[in-house]
Amino acid sequence: MSENNPASRLLNIIQEGQKQKKDQQAASAWAAILDVPIGDKSLLMSRVGHVMALPAAIKSEVGQLENINHQLHLKWLSSVETSFSVLSLQIQWKQFIERFNAETIFGLEVCDDLLSRNRPEKVAEPESLKSLLEEVNALLDRLKEAELPLDLREFIFEHLYLVKNAIEEYKILGIRPLEAEVERLIGATARNPDICTRTRETDVGKRFWGVMGNLAIVTTIVVGQLQIGNEVFDALSPESENPPEAQTIVNLSMPPSDCGAEDGDSPLVSKPALLPGYGKK
């Protein structure tokens with residue numbers, strides 16, 4: 001399946017869940033499905049929460065379509081909502097997963113087909129995401145040892161951390177959080193263009209802009225609404241020696257979370273705190 005809509009992503013997760021051992025605790029099954037390290041309960045609850053929000057996202061997307069029977073296409077919804085409402089991480093996995101019968105799966109498949117044809121999202125290549133995550137993790141490790149002013153350290157860490165989360169949660173949330181991070185970075189650099197110059201004067205900063213440039217490629221940002229200056233274009237295109245004469249146009253399908261957007265517009269947290277090991281030397 002393409003994972004280009006929330007119905008496809010929920011269906012993939014449920015079908016992966018059906019392959020898990022039914023006699024294990026639900027927490028263990030969810031950790032395996034959502035790639036959460038054993039013992040990280042906070043991260044597990046966060047990702048399960050994202051999964052539980054998928055039925056509402058499907059309902060919203062289907063509701064945007066005209067000339068269809070919404071009630072018929074969402075007939076499965078009440079059953080899934082009930083299943084999630086009684087979910088506990090302490091129960092046996094079979095008590096949850098066996099609620100998803102053939103009728104429910106068929107309903108999700110119908111919605112997947114409907115949304116794939118009428119409201120498809122962009123998708124990222126799995127190998128590109130894997131490579132990008134490796135780059136992000138390597139740079140986060142390097143950042144721990146780098147000698148940087150605190151403001152530059154915080155700027156680089158904040159964006160890398162959010163990109164890492166967005167990649168790891170791609171199977172749940174799709175590409176929109178990654179797009180939002182590109183847009184958020186554009187907003188941050190447009191407000192403070194000096195940050196581009198200062199970070200690019202450091203080895204870690206140069207690598208950071210290379211990673212973020214690769215992120216922009218992965219998300220395939222295209223022509224759209226917001227004008228940005230050449231300094232931002234240059235920062236996201238570290239190998240380019242010929243910036244455009246006119247201002248570059250970049251598509252912003254979602255407003256940056258810290259650039260005037262209302263709370264709740266972006267699935268990303270606004271600004272993560274520095275984790276242990278990333279503080280000022």
# chains A, B, ... in the order shown; residues from 1 in each chain; ligands from 1
>>> residues_around(residues="stretch 94-99 of chain A", least_positions_apart="3", cutoff="7 Å", atoms="only C-alpha atoms", output="number ranges by chain")
A: 17-18, 22-23, 83, 87, 91
>>> write_last_selection(atoms="C-alpha atoms", output="PDB file, in the first residue's frame")
ATOM      1  CA  GLY A  17      -0.630  -5.929  14.437  1.00  0.00           C
ATOM      2  CA  GLN A  18      -2.438  -9.054  13.280  1.00  0.00           C
ATOM      3  CA  LYS A  22      -1.790 -12.490  20.585  1.00  0.00           C
ATOM      4  CA  ASP A  23      -0.874 -13.698  24.056  1.00  0.00           C
ATOM      5  CA  SER A  83     -11.892  -0.527  20.098  1.00  0.00           C
ATOM      6  CA  LEU A  87      -7.526   0.126  24.721  1.00  0.00           C
ATOM      7  CA  ILE A  91      -4.321  -6.022  28.372  1.00  0.00           C
TER       8      ILE A  91
END
>>> select_by_dssp(residues="stretch 120-197 of chain A", states="helix (DSSP H, G or I)", output="PyMOL selection string")
chain A and resi 126-145+150-168+170-173+176-191+194-197
>>> closest_residue(among="A:Val218, A:Glu169, A:Leu89, A:Gln24", to="A:Met45", atoms="only C-alpha atoms")
A:Leu89
>>> atom_distance(atom1="atom CA of A:Asp203", atom2="atom CA of A:Leu160")
15.5 Å
>>> closest_residue(among="A:Ala27, A:Val136, A:Leu162, A:Leu114", to="A:Ile68", atoms="only C-alpha atoms")
A:Leu114
>>> atom_distance(atom1="atom CA of A:Leu11", atom2="atom CA of A:Gly107")
9.8 Å
>>> select_by_dssp(residues="stretch 16-229 of chain A", states="strand (DSSP E or B)", output="PyMOL selection string")
chain A and resi 25+92+226-228
>>> closest_residue(among="A:Asp40, A:Glu81, A:Glu179, A:Glu147", to="A:Val123", atoms="only C-alpha atoms")
A:Glu179
>>> residues_around(residues="stretch 109-111 of chain A", least_positions_apart="6", cutoff="8 Å", atoms="only C-alpha atoms", output="list in words")
Ala7, Ser8, Leu11, Ile58, Val62, His73 and Leu74 of chain A
>>> atom_distance(atom1="atom CA of A:Leu129", atom2="atom CA of A:Leu215")
8.7 Å
>>> closest_residue(among="A:His70, A:Arg9, A:His159, A:Arg117", to="A:Lys171", atoms="only C-alpha atoms")
A:Arg9
